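K.L.:
Quick one: this structure, given as structure tokens, is what I'll be asking you about.
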Amino acid sequence: LPAGLSQWFPALEVLDVSGTGLAEMGTELLSLPCLHTLLAKNNRLGGPGSLPKGLGQAPLARSLRVLNLSGNRFAEVPPVLLRLRGLRSLSLGGNRLHGIPPDIQELHSLEFLYLGGNFITAIPPELAKLPSLRYLVLCDNKIQSIPPQLAQLHSLRSLSLHNNLLTYLPREILNLVHLEELSLRGNPLVVRFVRDLTYNPPSLQELAGRTVKTRNVPYAPSDLPESLVRYLSLASNCPNPKCGGVYFDSCVRQIKFVDFCGKYRLPLMHYLCSPECSSPFSSASQSSTSQSESDSEDEASVAAHRMQKVLLG
Amino acid sequence: FRYTRNLVDSGNGKFNLMILCWGEGHGSSIHDHTDSHCFMKILQGNLKETLFEWPGKKGNGEMTKKSERVLRENQCAYINDSIGLHRVENISHTETAVSLHLYSPPFDTCNTFDQRTGHKHKVTMTFYSQYGERTVC
């Protein structure tokens, strides 16, 4: 970027330096107090000097709303980017990302997140802590599973997951009541019923976590290391309405197929907190299954009908 | 949130002329053209067209890809049901795309196909806007 940029154009609001071969953006950015949109796609950004160090302290940190860094060479999300607290729209499509940092949750104003066309293999549950996220694009990556916590994205309207490595979805996806579009084509979704999978016994940490949650043991951030406070916040509720249990990583999993508006049968993974959890979903309780199984299927189908545009075909 | 269909002209009922706007990563389902002629011209960006064979009578297997190509700006393509089915996608993660479509005779329903099974499902197509006015559904 040319030196003196902020002296010549102190009122600059939109800066588009796309397709200019830029390899770094330096301190010239930091003194642009009115900048709300920065478009820098199709450049050579991605190395150490790509974004200036003082970004977190600059006026930009609060004023920048839209940042487009698609078509560059980022192998990781630059940590300094996560200080842009006012950011509403972020695109890092077509880069070389292998993962998403859990600190993405710092971008609490984020509404639009485009991460398509990278090499992402997993989604951190912390992504679900973005309260205003409406549009999430994760297509053309290498994602193998969706964390059930993603169902906490209450504002989500559109979720793009096509061309990944998903074999099933978490049942909790049905809890996304505002989700209008879900694209899933190009995933190796299982088509046949899969019998119950192996159950890994819970760790001591998990058992302690479950007890804290189900017995409502009070705790404050000063009582526990930060990592444990975070762990406790990621508890998932057992979907069995009769069970008040929670689970963290250890659970019984089985796949059930749910009809979406009579169009597609999607494999949804049901998580139960333990093999003893007497659940309408459990294939073990044979005797009274037919009634309760169809009830739970109906409940799932009703939830599925809310999703207007499941784009699978 | 997905590509938009914007009607420009309905030619005395003989054809539909529309502009489709594709965001990054947007794609269509595999679809047929209800016995009509379909012309497509790329006005901006690039679109990938994947041609598929009609699924067999059994309709219970993965659909067969015939060919695929990337259409560049100003290129034209044509398809009708006797040629086959297709999926059109903007595979770019950085550029949007715009295409001009001419369908004759006009149609507002078609079949979409599940690539994994060949099962078809009839859908009604809607317009995001008509003659420049946003269509409210």
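In the structure tokens, chains take the letters A, B, ... in the order shown, each chain's residues start at 1, and ligands count up from 1 in the order shown.
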At a cut-off of 9 Å, which residues of chain A touch chain B? Count only C-alpha atoms and give the answer as a PyMOL selection string.

P.N.:
chain A and resi 41-42+68-71+91-94+114-117+135+137+139-140+157-158+160+181+185-186+191+263-264+311-313

K.L.:
According to DSSP computed on the backbone, where in region 64-201 of chain A is there strand (DSSP E)? Give the residues as a PyMOL selection string.

P.N.:
chain A and resi 66-68+89-91+112-114+135-137+158-160+169-170+181-183

K.L.:
Any chance you could export the current selection's C-alpha atoms as an mmCIF file, in the first residue's frame?

P.N.:
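Generated output (out37.cif):
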data_model
loop_
_atom_site.group_PDB
_atom_site.id
_atom_site.type_symbol
_atom_site.label_atom_id
_atom_site.label_comp_id
_atom_site.auth_asym_id
_atom_site.auth_seq_id
_atom_site.Cartn_x
_atom_site.Cartn_y
_atom_site.Cartn_z
ATOM 1 C CA VAL A 66 -16.371 -6.115 5.601
ATOM 2 C CA LEU A 67 -13.084 -7.883 4.890
ATOM 3 C CA ASN A 68 -12.545 -9.945 1.758
ATOM 4 C CA SER A 89 -18.509 -10.079 6.914
ATOM 5 C CA LEU A 90 -15.342 -12.125 6.432
ATOM 6 C CA SER A 91 -14.289 -14.024 3.375
ATOM 7 C CA PHE A 112 -21.350 -13.695 7.074
ATOM 8 C CA LEU A 113 -18.439 -16.139 7.030
ATOM 9 C CA TYR A 114 -17.136 -17.580 3.767
ATOM 10 C CA TYR A 135 -24.587 -17.223 6.467
ATOM 11 C CA LEU A 136 -21.875 -19.881 6.836
ATOM 12 C CA VAL A 137 -20.081 -21.297 3.813
ATOM 13 C CA SER A 158 -27.901 -20.599 5.245
ATOM 14 C CA LEU A 159 -25.330 -23.352 5.639
ATOM 15 C CA SER A 160 -23.244 -24.503 2.717
ATOM 16 C CA LEU A 169 -25.009 -35.044 10.083
ATOM 17 C CA PRO A 170 -25.673 -34.533 13.782
ATOM 18 C CA GLU A 181 -30.941 -23.494 3.090
ATOM 19 C CA LEU A 182 -28.607 -26.399 3.524
ATOM 20 C CA SER A 183 -26.428 -27.638 0.676
#

K.L.:
Find the residues near Asp81 (chain B): any atom within 12 Å, counting only C-alpha atoms, skip ones fewer than 6 places away on the same chain, and give them as a PDB file with all heavy atoms, in the first residue's frame.

P.N.:
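Listing of result_35.pdb after writing:
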ATOM      1  N   HIS B  31     -31.003 -30.866 -13.195  1.00  0.00           N
ATOM      2  CA  HIS B  31     -32.385 -30.672 -13.617  1.00  0.00           C
ATOM      3  C   HIS B  31     -32.597 -30.925 -15.096  1.00  0.00           C
ATOM      4  O   HIS B  31     -31.646 -30.938 -15.886  1.00  0.00           O
ATOM      5  CB  HIS B  31     -32.855 -29.252 -13.257  1.00  0.00           C
ATOM      6  CG  HIS B  31     -32.011 -28.177 -13.855  1.00  0.00           C
ATOM      7  ND1 HIS B  31     -30.873 -27.698 -13.241  1.00  0.00           N
ATOM      8  CD2 HIS B  31     -32.129 -27.486 -15.023  1.00  0.00           C
ATOM      9  CE1 HIS B  31     -30.328 -26.751 -13.999  1.00  0.00           C
ATOM     10  NE2 HIS B  31     -31.063 -26.604 -15.083  1.00  0.00           N
ATOM     11  N   ASP B  32     -33.892 -31.098 -15.464  1.00  0.00           N
ATOM     12  CA  ASP B  32     -34.268 -31.254 -16.868  1.00  0.00           C
ATOM     13  C   ASP B  32     -34.877 -29.941 -17.350  1.00  0.00           C
ATOM     14  O   ASP B  32     -34.890 -28.951 -16.607  1.00  0.00           O
ATOM     15  CB  ASP B  32     -35.210 -32.448 -17.065  1.00  0.00           C
ATOM     16  CG  ASP B  32     -36.543 -32.288 -16.334  1.00  0.00           C
ATOM     17  OD1 ASP B  32     -36.825 -31.187 -15.811  1.00  0.00           O
ATOM     18  OD2 ASP B  32     -37.298 -33.280 -16.267  1.00  0.00           O
ATOM     19  N   HIS B  33     -35.374 -29.943 -18.589  1.00  0.00           N
ATOM     20  CA  HIS B  33     -35.875 -28.678 -19.144  1.00  0.00           C
ATOM     21  C   HIS B  33     -37.268 -28.795 -19.722  1.00  0.00           C
ATOM     22  O   HIS B  33     -37.625 -28.060 -20.640  1.00  0.00           O
ATOM     23  CB  HIS B  33     -34.868 -28.131 -20.173  1.00  0.00           C
ATOM     24  CG  HIS B  33     -33.553 -27.821 -19.538  1.00  0.00           C
ATOM     25  ND1 HIS B  33     -32.588 -28.791 -19.362  1.00  0.00           N
ATOM     26  CD2 HIS B  33     -33.093 -26.691 -18.943  1.00  0.00           C
ATOM     27  CE1 HIS B  33     -31.574 -28.256 -18.697  1.00  0.00           C
ATOM     28  NE2 HIS B  33     -31.848 -26.995 -18.436  1.00  0.00           N
ATOM     29  N   THR B  34     -38.039 -29.715 -19.164  1.00  0.00           N
ATOM     30  CA  THR B  34     -39.476 -29.813 -19.467  1.00  0.00           C
ATOM     31  C   THR B  34     -39.799 -29.619 -20.947  1.00  0.00           C
ATOM     32  O   THR B  34     -40.639 -28.801 -21.314  1.00  0.00           O
ATOM     33  CB  THR B  34     -40.237 -28.764 -18.609  1.00  0.00           C
ATOM     34  OG1 THR B  34     -39.631 -28.691 -17.324  1.00  0.00           O
ATOM     35  CG2 THR B  34     -41.687 -29.161 -18.409  1.00  0.00           C
ATOM     36  N   ASP B  35     -39.101 -30.387 -21.792  1.00  0.00           N
ATOM     37  CA  ASP B  35     -39.365 -30.383 -23.238  1.00  0.00           C
ATOM     38  C   ASP B  35     -39.157 -29.033 -23.923  1.00  0.00           C
ATOM     39  O   ASP B  35     -39.715 -28.793 -24.994  1.00  0.00           O
ATOM     40  CB  ASP B  35     -40.797 -30.866 -23.542  1.00  0.00           C
ATOM     41  CG  ASP B  35     -40.959 -32.351 -23.249  1.00  0.00           C
ATOM     42  OD1 ASP B  35     -39.965 -33.086 -23.396  1.00  0.00           O
ATOM     43  OD2 ASP B  35     -42.054 -32.754 -22.842  1.00  0.00           O
ATOM     44  N   SER B  36     -38.396 -28.164 -23.336  1.00  0.00           N
ATOM     45  CA  SER B  36     -38.154 -26.856 -23.964  1.00  0.00           C
ATOM     46  C   SER B  36     -36.705 -26.716 -24.410  1.00  0.00           C
ATOM     47  O   SER B  36     -35.834 -27.471 -23.980  1.00  0.00           O
ATOM     48  CB  SER B  36     -38.464 -25.731 -22.980  1.00  0.00           C
ATOM     49  OG  SER B  36     -39.831 -25.674 -22.694  1.00  0.00           O
ATOM     50  N   HIS B  37     -36.481 -25.725 -25.271  1.00  0.00           N
ATOM     51  CA  HIS B  37     -35.112 -25.365 -25.657  1.00  0.00           C
ATOM     52  C   HIS B  37     -34.551 -24.460 -24.578  1.00  0.00           C
ATOM     53  O   HIS B  37     -35.249 -23.598 -24.071  1.00  0.00           O
ATOM     54  CB  HIS B  37     -35.117 -24.566 -26.976  1.00  0.00           C
ATOM     55  CG  HIS B  37     -35.735 -25.295 -28.126  1.00  0.00           C
ATOM     56  ND1 HIS B  37     -35.061 -26.266 -28.831  1.00  0.00           N
ATOM     57  CD2 HIS B  37     -36.967 -25.183 -28.691  1.00  0.00           C
ATOM     58  CE1 HIS B  37     -35.851 -26.716 -29.786  1.00  0.00           C
ATOM     59  NE2 HIS B  37     -37.015 -26.091 -29.720  1.00  0.00           N
ATOM     60  N   CYS B  38     -33.276 -24.628 -24.277  1.00  0.00           N
ATOM     61  CA  CYS B  38     -32.649 -23.783 -23.272  1.00  0.00           C
ATOM     62  C   CYS B  38     -31.320 -23.257 -23.795  1.00  0.00           C
ATOM     63  O   CYS B  38     -30.413 -24.037 -24.081  1.00  0.00           O
ATOM     64  CB  CYS B  38     -32.437 -24.564 -21.982  1.00  0.00           C
ATOM     65  SG  CYS B  38     -31.243 -23.802 -20.893  1.00  0.00           S
ATOM     66  N   LEU B  51     -22.841 -32.361 -17.542  1.00  0.00           N
ATOM     67  CA  LEU B  51     -23.942 -33.074 -18.201  1.00  0.00           C
ATOM     68  C   LEU B  51     -24.100 -34.466 -17.620  1.00  0.00           C
ATOM     69  O   LEU B  51     -23.112 -35.142 -17.351  1.00  0.00           O
ATOM     70  CB  LEU B  51     -23.656 -33.213 -19.706  1.00  0.00           C
ATOM     71  CG  LEU B  51     -23.735 -31.957 -20.567  1.00  0.00           C
ATOM     72  CD1 LEU B  51     -23.459 -32.309 -22.022  1.00  0.00           C
ATOM     73  CD2 LEU B  51     -25.087 -31.283 -20.458  1.00  0.00           C
ATOM     74  N   PHE B  52     -25.347 -34.874 -17.442  1.00  0.00           N
ATOM     75  CA  PHE B  52     -25.643 -36.209 -16.922  1.00  0.00           C
ATOM     76  C   PHE B  52     -26.562 -36.950 -17.875  1.00  0.00           C
ATOM     77  O   PHE B  52     -27.421 -36.354 -18.524  1.00  0.00           O
ATOM     78  CB  PHE B  52     -26.349 -36.109 -15.562  1.00  0.00           C
ATOM     79  CG  PHE B  52     -25.457 -35.646 -14.444  1.00  0.00           C
ATOM     80  CD1 PHE B  52     -25.291 -34.290 -14.200  1.00  0.00           C
ATOM     81  CD2 PHE B  52     -24.794 -36.556 -13.630  1.00  0.00           C
ATOM     82  CE1 PHE B  52     -24.473 -33.852 -13.162  1.00  0.00           C
ATOM     83  CE2 PHE B  52     -23.974 -36.125 -12.598  1.00  0.00           C
ATOM     84  CZ  PHE B  52     -23.814 -34.776 -12.358  1.00  0.00           C
ATOM     85  N   GLU B  53     -26.414 -38.286 -17.877  1.00  0.00           N
ATOM     86  CA  GLU B  53     -27.374 -39.135 -18.599  1.00  0.00           C
ATOM     87  C   GLU B  53     -28.673 -39.156 -17.800  1.00  0.00           C
ATOM     88  O   GLU B  53     -28.644 -39.032 -16.570  1.00  0.00           O
ATOM     89  CB  GLU B  53     -26.864 -40.580 -18.667  1.00  0.00           C
ATOM     90  CG  GLU B  53     -25.544 -40.767 -19.348  1.00  0.00           C
ATOM     91  CD  GLU B  53     -25.668 -40.827 -20.862  1.00  0.00           C
ATOM     92  OE1 GLU B  53     -26.763 -40.559 -21.396  1.00  0.00           O
ATOM     93  OE2 GLU B  53     -24.658 -41.122 -21.510  1.00  0.00           O
ATOM     94  N   TRP B  54     -29.795 -39.373 -18.465  1.00  0.00           N
ATOM     95  CA  TRP B  54     -31.039 -39.608 -17.751  1.00  0.00           C
ATOM     96  C   TRP B  54     -30.861 -40.865 -16.908  1.00  0.00           C
ATOM     97  O   TRP B  54     -30.270 -41.836 -17.374  1.00  0.00           O
ATOM     98  CB  TRP B  54     -32.195 -39.817 -18.741  1.00  0.00           C
ATOM     99  CG  TRP B  54     -32.720 -38.540 -19.274  1.00  0.00           C
ATOM    100  CD1 TRP B  54     -32.264 -37.851 -20.350  1.00  0.00           C
ATOM    101  CD2 TRP B  54     -33.810 -37.787 -18.752  1.00  0.00           C
ATOM    102  NE1 TRP B  54     -32.995 -36.704 -20.534  1.00  0.00           N
ATOM    103  CE2 TRP B  54     -33.957 -36.637 -19.579  1.00  0.00           C
ATOM    104  CE3 TRP B  54     -34.687 -37.952 -17.685  1.00  0.00           C
ATOM    105  CZ2 TRP B  54     -34.945 -35.668 -19.349  1.00  0.00           C
ATOM    106  CZ3 TRP B  54     -35.666 -36.998 -17.454  1.00  0.00           C
ATOM    107  CH2 TRP B  54     -35.784 -35.869 -18.284  1.00  0.00           C
ATOM    108  N   CYS B 110     -39.974 -28.107 -13.253  1.00  0.00           N
ATOM    109  CA  CYS B 110     -39.030 -29.041 -13.862  1.00  0.00           C
ATOM    110  C   CYS B 110     -38.761 -30.122 -12.829  1.00  0.00           C
ATOM    111  O   CYS B 110     -39.310 -30.071 -11.725  1.00  0.00           O
ATOM    112  CB  CYS B 110     -37.742 -28.331 -14.287  1.00  0.00           C
ATOM    113  SG  CYS B 110     -36.715 -27.792 -12.918  1.00  0.00           S
ATOM    114  N   ASN B 111     -37.944 -31.094 -13.191  1.00  0.00           N
ATOM    115  CA  ASN B 111     -37.578 -32.134 -12.246  1.00  0.00           C
ATOM    116  C   ASN B 111     -36.153 -31.918 -11.791  1.00  0.00           C
ATOM    117  O   ASN B 111     -35.291 -31.576 -12.597  1.00  0.00           O
ATOM    118  CB  ASN B 111     -37.666 -33.523 -12.896  1.00  0.00           C
ATOM    119  CG  ASN B 111     -39.094 -33.914 -13.156  1.00  0.00           C
ATOM    120  OD1 ASN B 111     -39.906 -33.989 -12.243  1.00  0.00           O
ATOM    121  ND2 ASN B 111     -39.419 -34.135 -14.422  1.00  0.00           N
TER     122      ASN B 111
END

K.L.:
Hey, what's within 9 Å of Leu29 (chain A) if we count only C-alpha atoms and toss same-chain stuff fewer than 5 positions away? As a list of chain:residue names, please?

P.N.:
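The filter keeps A:Leu1, A:Leu5, A:Ser6, A:Leu35, A:Leu51, A:Pro52, A:Leu55, A:Ala58, A:Leu60.
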
K.L.:
Among region 56-273 of chain A, which residues carry a DSSP assignment of helix (DSSP H, G or I), reported as a PyMOL selection string?

P.N.:
chain A and resi 56+60-63+79-83+102-106+125-129+148-152+171-175+204-214+226-233

K.L.:
Calculated over only C-alpha atoms, which of the candidates A:Thr214, A:Leu138, A:Pro148, A:Ala3 has the smallest distance to Leu184 (chain A)?

P.N.:
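Closest to Leu184 (chain A) of all the choices is A:Leu138.
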
K.L.:
Quick check, in Å to one decimal: how far apart do CA of Asn175 (chain A) and CA of Leu189 (chain A) lie?

P.N.:
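A separation of 20.0 Å between them.
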